[in-house]
>>> print(open('query.cif').read())   # mmCIF, C-alpha atoms
data_my_file
loop_
_atom_site.group_PDB
_atom_site.id
_atom_site.type_symbol
_atom_site.label_atom_id
_atom_site.label_comp_id
_atom_site.auth_asym_id
_atom_site.auth_seq_id
_atom_site.Cartn_x
_atom_site.Cartn_y
_atom_site.Cartn_z
ATOM 1 C CA MET A 579 0.000 0.000 0.000
ATOM 2 C CA LYS A 580 2.870 2.306 0.868
ATOM 3 C CA LYS A 581 4.381 1.718 -2.589
ATOM 4 C CA ILE A 582 1.088 2.648 -4.304
ATOM 5 C CA LEU A 583 0.804 5.880 -2.274
ATOM 6 C CA THR A 584 4.415 6.773 -3.071
ATOM 7 C CA ARG A 585 3.822 6.205 -6.799
ATOM 8 C CA ALA A 586 0.617 8.253 -6.658
ATOM 9 C CA ALA A 587 2.413 11.115 -4.870
ATOM 10 C CA VAL A 588 5.242 11.048 -7.439
ATOM 11 C CA GLY A 589 2.677 10.997 -10.261
ATOM 12 C CA VAL A 590 0.777 13.970 -8.826
ATOM 13 C CA ALA A 591 4.025 15.892 -8.231
ATOM 14 C CA THR A 592 5.199 15.176 -11.792
ATOM 15 C CA ALA A 593 1.852 16.206 -13.252
ATOM 16 C CA SER A 594 1.870 19.467 -11.283
ATOM 17 C CA VAL A 595 5.446 20.269 -12.367
ATOM 18 C CA VAL A 596 4.554 19.621 -16.021
ATOM 19 C CA ALA A 597 1.372 21.700 -15.732
ATOM 20 C CA SER A 598 3.150 24.617 -14.058
ATOM 21 C CA GLY A 599 5.898 24.436 -16.684
ATOM 22 C CA ALA A 600 3.279 24.606 -19.438
ATOM 23 C CA LEU A 601 1.726 27.658 -17.793
ATOM 24 C CA PHE A 602 4.901 29.584 -17.112
ATOM 25 C CA ALA A 603 7.012 28.475 -20.065
ATOM 26 C CA ALA A 604 4.588 29.819 -22.664
ATOM 27 C CA ALA A 605 6.389 32.090 -25.079
ATOM 28 C CA PRO A 606 5.635 35.778 -24.768
ATOM 29 C CA ALA A 607 3.479 37.337 -27.465
ATOM 30 C CA GLN A 608 5.636 38.066 -30.477
ATOM 31 C CA ALA A 609 5.334 40.710 -33.143
ATOM 32 C CA ALA A 610 3.897 39.765 -36.500
ATOM 33 C CA PRO A 611 6.332 37.927 -38.777
ATOM 34 C CA PRO A 612 8.124 39.958 -41.461
ATOM 35 C CA ASN A 613 5.917 40.594 -44.472
ATOM 36 C CA LEU A 614 5.961 42.329 -47.857
ATOM 37 C CA ARG A 615 2.597 44.064 -48.260
ATOM 38 C CA LEU A 616 1.224 45.412 -51.558
ATOM 39 C CA ASN A 617 -1.221 48.318 -51.599
ATOM 40 C CA GLY A 618 -2.530 50.506 -54.406
ATOM 41 C CA GLY A 619 -5.345 52.484 -55.898
ATOM 42 C CA VAL A 620 -6.788 54.473 -58.774
ATOM 43 C CA HIS A 621 -8.439 57.852 -58.184
ATOM 44 C CA CYS A 622 -9.397 61.042 -60.007
ATOM 45 C CA ASN A 623 -8.546 64.560 -58.879
ATOM 46 C CA PHE A 624 -10.541 67.585 -59.927
ATOM 47 C CA GLY A 625 -8.800 70.929 -60.012
ATOM 48 C CA LEU A 626 -5.250 72.009 -60.495
ATOM 49 C CA GLN A 627 -2.929 70.127 -58.153
ATOM 50 C CA PRO A 628 0.043 71.685 -56.336
ATOM 51 C CA GLY A 629 3.281 70.608 -57.966
ATOM 52 C CA GLN A 630 1.601 69.687 -61.266
ATOM 53 C CA PRO A 631 2.200 71.740 -64.422
ATOM 54 C CA TRP A 632 -0.593 74.039 -65.659
ATOM 55 C CA THR A 633 -0.781 72.008 -68.857
ATOM 56 C CA ALA A 634 -1.811 68.903 -66.909
ATOM 57 C CA GLY A 635 -5.426 70.058 -67.098
ATOM 58 C CA ILE A 636 -8.185 70.257 -64.569
ATOM 59 C CA TRP A 637 -8.869 66.497 -64.346
ATOM 60 C CA ASN A 638 -6.010 64.190 -63.373
ATOM 61 C CA MET A 639 -6.066 60.458 -62.778
ATOM 62 C CA THR A 640 -3.490 58.793 -60.534
ATOM 63 C CA ARG A 641 -2.756 55.060 -60.540
ATOM 64 C CA TRP A 642 -0.327 53.705 -57.935
ATOM 65 C CA MET A 643 1.017 50.560 -56.279
ATOM 66 C CA THR A 644 3.353 50.441 -53.285
ATOM 67 C CA VAL A 645 5.138 47.500 -51.701
ATOM 68 C CA THR A 646 6.101 48.011 -48.052
ATOM 69 C CA ALA A 647 8.440 45.952 -45.879
ATOM 70 C CA ASP A 648 6.817 45.292 -42.505
ATOM 71 C CA GLY A 649 8.763 43.905 -39.557
ATOM 72 C CA GLY A 650 12.033 42.986 -41.221
ATOM 73 C CA THR A 651 14.509 43.261 -44.074
ATOM 74 C CA PHE A 652 13.862 41.897 -47.566
ATOM 75 C CA HIS A 653 16.366 41.462 -50.380
ATOM 76 C CA ASN A 654 15.907 41.517 -54.182
ATOM 77 C CA VAL A 655 12.368 42.915 -54.078
ATOM 78 C CA THR A 656 10.528 43.190 -57.391
ATOM 79 C CA LEU A 657 7.406 45.299 -57.944
ATOM 80 C CA GLN A 658 5.746 44.486 -61.269
ATOM 81 C CA GLU A 659 2.702 46.128 -62.819
ATOM 82 C CA ILE A 660 0.889 43.688 -65.119
ATOM 83 C CA ASN A 661 1.686 44.834 -68.691
ATOM 84 C CA GLY A 662 3.403 47.924 -67.277
ATOM 85 C CA GLN A 663 6.254 49.294 -65.236
ATOM 86 C CA HIS A 664 8.797 47.233 -63.333
ATOM 87 C CA LYS A 665 10.813 48.362 -60.297
ATOM 88 C CA PHE A 666 13.530 46.574 -58.352
ATOM 89 C CA ALA A 667 15.184 47.233 -54.986
ATOM 90 C CA ARG A 668 18.193 45.371 -53.628
ATOM 91 C CA THR A 669 16.912 45.851 -50.067
ATOM 92 C CA LEU A 670 13.758 47.090 -48.340
ATOM 93 C CA SER A 671 13.778 47.300 -44.559
ATOM 94 C CA SER A 672 11.507 48.506 -41.785
ATOM 95 C CA THR A 673 14.271 48.060 -39.197
ATOM 96 C CA ASN A 674 17.170 49.906 -40.873
ATOM 97 C CA ALA A 675 16.622 53.664 -41.287
ATOM 98 C CA SER A 676 19.303 54.001 -43.985
ATOM 99 C CA VAL A 677 17.450 51.585 -46.301
ATOM 100 C CA PRO A 678 14.141 52.491 -48.006
ATOM 101 C CA ARG A 679 11.022 50.896 -46.542
ATOM 102 C CA SER A 680 8.844 50.979 -49.670
ATOM 103 C CA LEU A 681 8.926 50.965 -53.465
ATOM 104 C CA THR A 682 6.252 52.701 -55.577
ATOM 105 C CA ILE A 683 4.958 52.673 -59.139
ATOM 106 C CA ARG A 684 2.915 55.814 -59.850
ATOM 107 C CA THR A 685 1.322 57.073 -63.066
ATOM 108 C CA VAL A 686 -0.528 60.401 -63.484
ATOM 109 C CA TRP A 687 -2.645 61.033 -66.593
ATOM 110 C CA SER A 688 -4.592 64.042 -67.809
ATOM 111 C CA GLY A 689 -8.302 63.391 -67.923
ATOM 112 C CA CYS A 690 -10.380 61.067 -65.839
ATOM 113 C CA PHE A 691 -11.923 57.853 -67.111
ATOM 114 C CA PRO A 692 -12.391 54.305 -65.829
ATOM 115 C CA SER A 693 -9.059 52.587 -65.379
ATOM 116 C CA SER A 694 -7.343 49.950 -63.298
ATOM 117 C CA ILE A 695 -3.945 48.822 -62.095
ATOM 118 C CA ALA A 696 -2.850 45.302 -61.212
ATOM 119 C CA GLY A 697 0.457 43.872 -60.142
ATOM 120 C CA TYR A 698 2.478 41.746 -57.793
ATOM 121 C CA THR A 699 5.576 41.822 -55.621
ATOM 122 C CA ILE A 700 8.093 39.166 -54.646
ATOM 123 C CA GLY A 701 11.292 39.072 -52.600
ATOM 124 C CA ALA A 702 14.068 36.594 -51.808
ATOM 125 C CA GLU A 703 12.850 35.808 -48.279
ATOM 126 C CA GLN A 704 10.034 33.442 -47.402
ATOM 127 C CA GLU A 705 6.909 35.301 -46.246
ATOM 128 C CA ASN A 706 3.113 35.421 -46.534
ATOM 129 C CA LEU A 707 2.251 35.528 -50.249
ATOM 130 C CA LEU A 708 -1.482 36.187 -49.780
ATOM 131 C CA ASP A 709 -1.052 39.996 -49.822
ATOM 132 C CA ASN A 710 1.538 40.167 -52.632
ATOM 133 C CA PHE A 711 -0.935 40.580 -55.512
ATOM 134 C CA GLY A 712 -3.501 43.303 -56.047
ATOM 135 C CA PHE A 713 -6.045 44.768 -58.448
ATOM 136 C CA TRP A 714 -7.564 48.241 -58.075
ATOM 137 C CA MET A 715 -9.955 50.168 -60.312
ATOM 138 C CA ASN A 716 -11.918 53.399 -60.276
ATOM 139 C CA VAL A 717 -15.570 52.837 -60.883
ATOM 140 C CA ARG A 718 -18.049 55.505 -59.926
ATOM 141 C CA GLN A 719 -19.964 54.480 -56.845
ATOM 142 C CA GLN A 720 -23.692 54.910 -57.390
ATOM 143 C CA GLU A 721 -26.146 55.051 -54.512
ATOM 144 C CA ASN A 722 -29.018 52.600 -54.686
ATOM 145 C CA PRO A 723 -32.046 54.661 -55.856
ATOM 146 C CA SER A 724 -34.470 52.622 -53.757
ATOM 147 C CA SER A 725 -32.550 53.257 -50.519
ATOM 148 C CA THR A 726 -32.247 56.984 -51.327
ATOM 149 C CA ALA A 727 -35.962 57.191 -52.133
ATOM 150 C CA ALA A 728 -36.858 55.303 -48.937
ATOM 151 C CA ALA A 729 -34.731 57.695 -46.881
ATOM 152 C CA GLY A 730 -36.435 60.654 -48.578
ATOM 153 C CA ARG A 731 -39.882 59.221 -47.858
ATOM 154 C CA ALA A 732 -38.955 58.643 -44.195
ATOM 155 C CA GLU A 733 -37.717 62.265 -43.853
ATOM 156 C CA ALA A 734 -40.915 63.594 -45.493
ATOM 157 C CA LYS A 735 -43.082 61.458 -43.201
ATOM 158 C CA ALA A 736 -41.186 62.690 -40.110
ATOM 159 C CA ALA A 737 -41.589 66.323 -41.263
ATOM 160 C CA LEU A 738 -45.347 65.835 -41.776
ATOM 161 C CA GLU A 739 -45.756 64.214 -38.358
ATOM 162 C CA LYS A 740 -43.809 67.044 -36.721
ATOM 163 C CA ALA A 741 -45.942 69.678 -38.466
ATOM 164 C CA ALA A 742 -49.201 67.895 -37.533
ATOM 165 C CA GLY A 743 -48.210 67.273 -33.917
#
>>> encode(input="query.cif", output="structure tokens")
Amino acid sequence: MKKILTRAAVGVATASVVASGALFAAAPAQAAPPNLRLNGGVHCNFGLQPGQPWTAGIWNMTRWMTVTADGGTFHNVTLQEINGQHKFARTLSSTNASVPRSLTIRTVWSGCFPSSIAGYTIGAEQENLLDNFGFWMNVRQQENPSSTAAAGRAEAKAALEKAAG
């Protein structure tokens, strides 16, 4: 009986040591892993823009893509616009201030019409590839006429109730 109690006590002590080690040996929360992130857009500007020549016209359209190094250093980074410009950087880094953090492709056109920009980025280091491709376009956003009409009817009804009451 004494042997069984000794084994049980050793088992409980071992289990408690393992459990406390699992609780206290957990790694501290770490920052997000290094990542190359692609962002972009297409937008129209109305009016003369500071820094643009007078001959650029009143309407200007800007298309852009930017790759940014987040949380680390990346080597041999390529930014490629599909059927367009290509840019390359030997190093992009968010940790070294003497090295650029981002690389940009930017195009400005006179006039404003529907357009798009698509592209991808890749570097020598292994990282999350899910945010390395993008497609952006400028399409005029149109409000749903039924929701606008419903809002107008609700405002008219509230005004009538206020006037009657």
>>> resolve_selection(input="query.cif", expression="the PyMOL selection byres ((chain A and resi 663) around 10)", output="PDB file with C-alpha atoms, in the frame of the given file")
ATOM      1  CA  LEU A 657       7.406  45.299 -57.944  1.00  0.00           C
ATOM      2  CA  GLN A 658       5.746  44.486 -61.269  1.00  0.00           C
ATOM      3  CA  GLU A 659       2.702  46.128 -62.819  1.00  0.00           C
ATOM      4  CA  ILE A 660       0.889  43.688 -65.119  1.00  0.00           C
ATOM      5  CA  ASN A 661       1.686  44.834 -68.691  1.00  0.00           C
ATOM      6  CA  GLY A 662       3.403  47.924 -67.277  1.00  0.00           C
ATOM      7  CA  HIS A 664       8.797  47.233 -63.333  1.00  0.00           C
ATOM      8  CA  LYS A 665      10.813  48.362 -60.297  1.00  0.00           C
ATOM      9  CA  ILE A 683       4.958  52.673 -59.139  1.00  0.00           C
ATOM     10  CA  ARG A 684       2.915  55.814 -59.850  1.00  0.00           C
ATOM     11  CA  THR A 685       1.322  57.073 -63.066  1.00  0.00           C
ATOM     12  CA  GLY A 697       0.457  43.872 -60.142  1.00  0.00           C
TER      13      GLY A 697
END
>>> closest_residue(input="query.cif", among="A:Val645, A:Ala736, A:Cys690, A:Ile636", to="Asp709 of chain A", atoms="only C-alpha atoms")
A:Val645
>>> residues_around(input="query.cif", residues="Arg641 of chain A", least_positions_apart="6", cutoff="12 Å", atoms="all atoms listed in the file", output="PyMOL selection string")
chain A and resi 617-623+659+662-663+682-688+690-697+713-716
>>> atom_distance(input="query.cif", atom1="atom CA of Gln704 of chain A", atom2="atom CA of Pro611 of chain A")
10.4 Å
>>> closest_residue(input="query.cif", among="A:Gly650, A:Lys740, A:Thr673, A:Leu614", to="Phe711 of chain A", atoms="all atoms listed in the file")
A:Leu614
>>> resolve_selection(input="query.cif", expression="the PyMOL selection byres ((chain A and resi 613) around 12)", output="ChimeraX atom specification")
/A:609-612,614-616,645-652,655,670-672,679-680,699-710
>>> axis_aligned_box(input="query.cif", around="segment 635-654 of chain A", padding_each_side="3 Å", output="AutoDock Vina command-line options")
--center_x 3.7 --center_y 55.9 --center_z -53.3 --size_x 31.2 --size_y 34.8 --size_z 33.5
>>> atom_distance(input="query.cif", atom1="atom CA of Met643 of chain A", atom2="atom CA of Phe666 of chain A")
13.3 Å
>>> atom_distance(input="query.cif", atom1="atom CA of Thr656 of chain A", atom2="atom CA of Pro678 of chain A")
13.7 Å
